[in-house]
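K.L.:
This is start-v1.tsv, which holds TSV, C-alpha atoms and all ligand atoms:
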chain	number	residue	atom	x	y	z
C	8	MET	CA	-108.20	-4.73	-77.19
C	9	SER	CA	-109.12	-4.00	-73.60
C	10	ILE	CA	-105.57	-4.51	-72.32
C	11	ILE	CA	-104.26	-1.25	-73.81
C	12	PRO	CA	-106.30	1.16	-71.62
C	13	GLY	CA	-105.24	-0.90	-68.61
C	14	VAL	CA	-101.57	-0.66	-69.52
C	15	LEU	CA	-101.94	3.05	-70.26
C	16	SER	CA	-103.57	3.78	-66.93
C	17	THR	CA	-100.91	1.76	-65.09
C	18	PHE	CA	-98.25	3.74	-66.91
C	19	LYS	CA	-100.02	7.02	-66.12
C	20	HIS	CA	-100.34	6.01	-62.48
C	21	HIS	CA	-96.65	5.18	-62.45
C	22	LEU	CA	-95.86	8.63	-63.85
C	23	GLU	CA	-98.04	10.30	-61.22
C	24	GLU	CA	-96.33	8.31	-58.50
C	25	ARG	CA	-92.96	9.44	-59.78
C	26	ARG	CA	-94.05	13.04	-60.01
C	27	ARG	CA	-95.43	13.21	-56.46
C	28	PRO	CA	-92.96	15.09	-54.19
C	29	THR	CA	-91.97	13.01	-51.20
C	30	THR	CA	-91.03	15.73	-48.78
C	31	ILE	CA	-92.37	19.11	-47.82
C	32	MET	CA	-89.10	20.71	-48.86
C	33	SER	CA	-89.47	19.33	-52.36
C	34	ARG	CA	-93.06	20.61	-52.43
C	35	LEU	CA	-91.80	24.03	-51.47
C	36	LEU	CA	-89.06	23.93	-54.05
C	37	LEU	CA	-91.65	22.85	-56.57
C	38	ALA	CA	-93.89	25.76	-55.54
C	39	LEU	CA	-91.00	28.18	-55.87
C	40	PHE	CA	-90.11	26.70	-59.24
C	41	PHE	CA	-93.67	27.13	-60.49
C	42	VAL	CA	-93.78	30.73	-59.32
C	43	LEU	CA	-90.50	31.52	-61.10
C	44	PHE	CA	-91.59	29.56	-64.13
C	45	LEU	CA	-94.94	31.35	-64.32
C	46	THR	CA	-93.30	34.73	-63.90
C	47	ALA	CA	-90.82	33.93	-66.64
C	48	CYS	CA	-93.33	32.77	-69.20
C	49	SER	CA	-96.71	34.21	-68.31
C	50	GLU	CA	-97.11	35.59	-71.83
C	51	THR	CA	-96.35	32.39	-73.74
C	52	PRO	CA	-99.00	30.39	-75.64
C	53	ASP	CA	-98.40	27.64	-73.06
C	54	GLU	CA	-100.69	29.50	-70.65
C	55	GLN	CA	-103.26	26.71	-70.46
C	56	THR	CA	-100.69	24.17	-69.23
C	57	THR	CA	-99.04	26.51	-66.72
C	58	ALA	CA	-102.41	27.60	-65.32
C	59	THR	CA	-103.24	23.97	-64.61
C	60	ALA	CA	-99.88	23.47	-62.94
C	61	GLU	CA	-100.43	26.53	-60.76
C	62	GLU	CA	-103.93	25.37	-59.84
C	63	SER	CA	-102.87	21.91	-58.70
C	64	ASP	CA	-99.93	23.37	-56.82
C	65	THR	CA	-102.16	25.81	-54.95
C	66	GLN	CA	-104.45	22.91	-54.06
C	67	SER	CA	-101.59	20.82	-52.69
C	68	MET	CA	-100.36	23.70	-50.48
C	69	GLU	CA	-103.93	24.46	-49.39
C	70	ALA	CA	-104.31	20.83	-48.31
C	71	LEU	CA	-101.41	21.25	-45.88
C	72	ARG	CA	-103.27	23.85	-43.82
C	73	SER	CA	-104.88	22.75	-40.54
C	74	ALA	CA	-108.25	23.76	-39.17
C	75	SER	CA	-108.46	25.96	-36.09
C	76	THR	CA	-111.22	25.85	-33.51
C	77	GLU	CA	-113.95	28.46	-33.70
C	78	GLY	CA	-112.96	31.66	-31.93
C	79	ALA	CA	-109.38	30.52	-31.32
C	80	GLN	CA	-106.97	33.37	-30.76
C	81	SER	CA	-103.57	34.20	-29.41
C	82	TYR	CA	-102.73	37.24	-27.32
C	83	PHE	CA	-99.94	38.99	-25.46
C	84	ILE	CA	-100.24	38.21	-21.76
C	85	ASN	CA	-98.12	41.09	-20.50
C	86	LEU	CA	-98.23	43.68	-23.28
C	87	GLU	CA	-100.94	46.16	-24.08
C	88	ASP	CA	-101.30	48.22	-27.21
C	89	GLY	CA	-99.58	51.57	-26.64
C	90	ALA	CA	-97.32	50.31	-23.84
C	91	THR	CA	-93.93	51.88	-23.20
C	92	VAL	CA	-91.23	49.36	-22.33
C	93	SER	CA	-87.48	49.14	-21.95
C	94	SER	CA	-85.29	46.75	-23.94
C	95	PRO	CA	-84.82	43.84	-23.52
C	96	VAL	CA	-88.51	43.23	-22.95
C	97	THR	CA	-89.99	39.88	-21.93
C	98	VAL	CA	-93.01	39.11	-24.09
C	99	GLN	CA	-95.39	36.35	-22.99
C	100	PHE	CA	-97.66	34.57	-25.46
C	101	GLY	CA	-101.14	33.37	-24.55
C	102	ILE	CA	-103.45	31.10	-26.52
C	103	GLU	CA	-107.13	30.29	-26.39
C	104	GLY	CA	-108.86	27.35	-28.05
C	105	MET	CA	-105.69	25.67	-29.36
C	106	GLU	CA	-102.84	23.69	-27.87
C	107	ILE	CA	-99.16	24.66	-28.10
C	108	VAL	CA	-96.96	21.83	-29.36
C	109	PRO	CA	-93.47	21.76	-30.91
C	110	ALA	CA	-93.14	22.21	-34.68
C	111	GLY	CA	-93.40	18.91	-36.50
C	112	THR	CA	-96.09	17.57	-34.16
C	113	ASP	CA	-99.06	16.84	-36.37
C	114	GLN	CA	-101.91	17.02	-33.86
C	115	GLU	CA	-105.41	18.34	-34.35
C	116	PHE	CA	-106.08	21.92	-33.15
C	117	SER	CA	-102.49	22.64	-32.17
C	118	GLY	CA	-99.52	24.65	-33.35
C	119	HIS	CA	-96.60	26.85	-32.31
C	120	HIS	CA	-96.28	30.60	-31.92
C	121	HIS	CA	-94.69	32.98	-34.43
C	122	LEU	CA	-93.93	36.59	-33.64
C	123	LEU	CA	-94.24	39.15	-36.42
C	124	ILE	CA	-92.05	42.16	-35.64
C	125	ASP	CA	-92.62	45.43	-37.52
C	126	ILE	CA	-94.51	43.66	-40.31
C	127	ASP	CA	-96.84	45.90	-42.29
C	128	GLU	CA	-98.13	43.31	-44.68
C	129	MET	CA	-99.35	39.94	-43.44
C	130	PRO	CA	-97.36	37.08	-45.01
C	131	ALA	CA	-99.14	34.52	-47.22
C	132	LEU	CA	-101.49	32.44	-45.07
C	133	ASP	CA	-101.45	29.33	-47.23
C	134	MET	CA	-97.68	28.79	-47.12
C	135	PRO	CA	-95.07	28.18	-44.42
C	136	LEU	CA	-94.28	31.46	-42.65
C	137	PRO	CA	-90.93	33.01	-43.55
C	138	ALA	CA	-88.17	32.63	-40.97
C	139	ASP	CA	-86.07	35.75	-40.38
C	140	ALA	CA	-85.52	38.47	-37.79
C	141	GLN	CA	-89.03	39.83	-38.40
C	142	HIS	CA	-90.83	36.44	-38.55
C	143	VAL	CA	-89.64	34.57	-35.47
C	144	HIS	CA	-90.61	30.90	-34.98
C	145	PHE	CA	-91.03	29.32	-31.56
C	146	GLY	CA	-90.77	25.77	-32.82
C	147	LYS	CA	-89.96	24.24	-29.46
C	148	GLY	CA	-93.35	25.34	-28.21
C	149	GLN	CA	-91.96	28.32	-26.25
C	150	THR	CA	-94.52	30.71	-24.80
C	151	GLU	CA	-92.29	33.70	-24.12
C	152	VAL	CA	-89.23	35.50	-25.44
C	153	GLU	CA	-86.81	38.12	-24.22
C	154	LEU	CA	-86.77	40.60	-27.06
C	155	THR	CA	-84.07	43.15	-27.75
C	156	LEU	CA	-85.47	46.07	-29.72
C	157	GLU	CA	-84.04	49.38	-30.88
C	158	PRO	CA	-85.46	52.47	-29.15
C	159	GLY	CA	-88.54	53.78	-30.94
C	160	THR	CA	-91.92	52.47	-32.01
C	161	HIS	CA	-92.44	48.81	-32.92
C	162	THR	CA	-95.38	46.60	-33.80
C	163	LEU	CA	-95.80	43.03	-32.58
C	164	GLN	CA	-98.32	40.40	-33.60
C	165	LEU	CA	-98.63	36.69	-32.93
C	166	ILE	CA	-99.72	34.12	-35.47
C	167	LEU	CA	-99.99	30.40	-34.85
C	168	GLY	CA	-98.51	27.97	-37.37
C	169	ASN	CA	-99.26	24.26	-37.74
C	170	HIS	CA	-96.70	21.42	-37.74
C	171	LEU	CA	-95.43	22.71	-41.11
C	172	HIS	CA	-95.34	26.39	-39.99
C	173	ILE	CA	-98.42	27.15	-42.12
C	174	PRO	CA	-101.08	29.41	-40.54
C	175	HIS	CA	-104.36	27.69	-39.67
C	176	ASP	CA	-107.65	28.02	-41.48
C	177	PRO	CA	-108.97	30.40	-40.27
C	178	PRO	CA	-105.68	31.91	-38.99
C	179	VAL	CA	-105.12	32.19	-35.23
C	180	LEU	CA	-103.87	35.73	-34.67
C	181	SER	CA	-103.34	38.16	-31.84
C	182	GLU	CA	-104.09	41.85	-31.87
C	183	ARG	CA	-101.27	43.80	-33.55
C	184	VAL	CA	-99.87	45.94	-30.74
C	185	THR	CA	-97.72	49.03	-31.08
C	186	ILE	CA	-95.18	49.56	-28.32
C	187	THR	CA	-92.63	52.25	-27.64
C	188	VAL	CA	-89.18	51.13	-26.58
C	189	GLN	CA	-87.30	53.69	-24.45
C	201	CU	CU	-92.81	27.87	-37.30
As structure tokens - that is how I would like this structure written.

P.N.:
Amino acid sequence: MSIIPGVLSTFKHHLEERRRPTTIMSRLLLALFFVLFLTACSETPDEQTTATAEESDTQSMEALRSASTEGAQSYFINLEDGATVSSPVTVQFGIEGMEIVPAGTDQEFSGHHHLLIDIDEMPALDMPLPADAQHVHFGKGQTEVELTLEPGTHTLQLILGNHLHIPHDPPVLSERVTITVQ
């Protein structure tokens, strides 16, 4: 009965179609769900199944990264490591080897700037960068910001993100500069 495998594979295909997330947000929610799920039941006998789920999820996020050009880097145009500045300070972003485009523009070798403020540990490079006061997105393609900082020592670093805010492969980073705000 050769019709049965055909029907089964059609059915399986249908299931896979249904399971495929349609938007990035649902992929992210799915990723978050898997992380929580894995944390909750990492000791269960179901380990084989969950490991497979984690693997395929990692692959799908990995596939959303974009390639960078060789030697591409970002840099601070008007800030040097060790500089003393007054707040608010205008910080200008430079880029070499890549093009700056607004977020959402899926174009080869391009992206938008993100400023990491006082970040000690680099965020995950295979996921969208967090968005908060310490991970600032410049999704309109801006190349400078007027930054208000508390007096004291601060670190600043640029990282480029692709159309989905995911760092490139390899990541396009600036030097991490330490500045003193008077
Ligand atoms: Cu972004």

K.L.:
Atom CA of C:His161 and atom CA of C:Arg72 are how many Å apart?

P.N.:
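So the two atoms, atom CA of C:His161 and atom CA of C:Arg72, lie 29.3 Å apart.
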
K.L.:
Restricting the calculation to all atoms listed in the file: of C:Asn85, C:Gln149, C:Thr155, C:Thr185, which residue gets closest to ligand CU 201 (chain C)?

P.N.:
C:Gln149

K.L.:
Around ligand CU 201 (chain C), out to 7 Å and counting all atoms listed in the file, which residues are there? I want them as a list in words.

P.N.:
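So, counting all atoms listed in the file, the residues near ligand CU 201 (chain C) are Ala110, His119, His120, His121, Leu136, His144, Phe145, Gly146, Gly168, Leu171 and His172 of chain C.
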
K.L.:
With distances taken over all atoms listed in the file, which residue among C:Gln80, C:Ser93, C:Thr150, C:Ser73 lies nearest C:Ile186?

P.N.:
C:Ser93

K.L.:
Write out as a list of chain:residue names each polymer residue whose atoms come within 10 Å of C:Ala131, counting all atoms listed in the file; drop sequence neighbours fewer than 4 positions from it.

P.N.:
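These residues fall inside the cut-off: C:Pro135, C:Leu136, C:Pro137, C:Ile173, C:Pro174.
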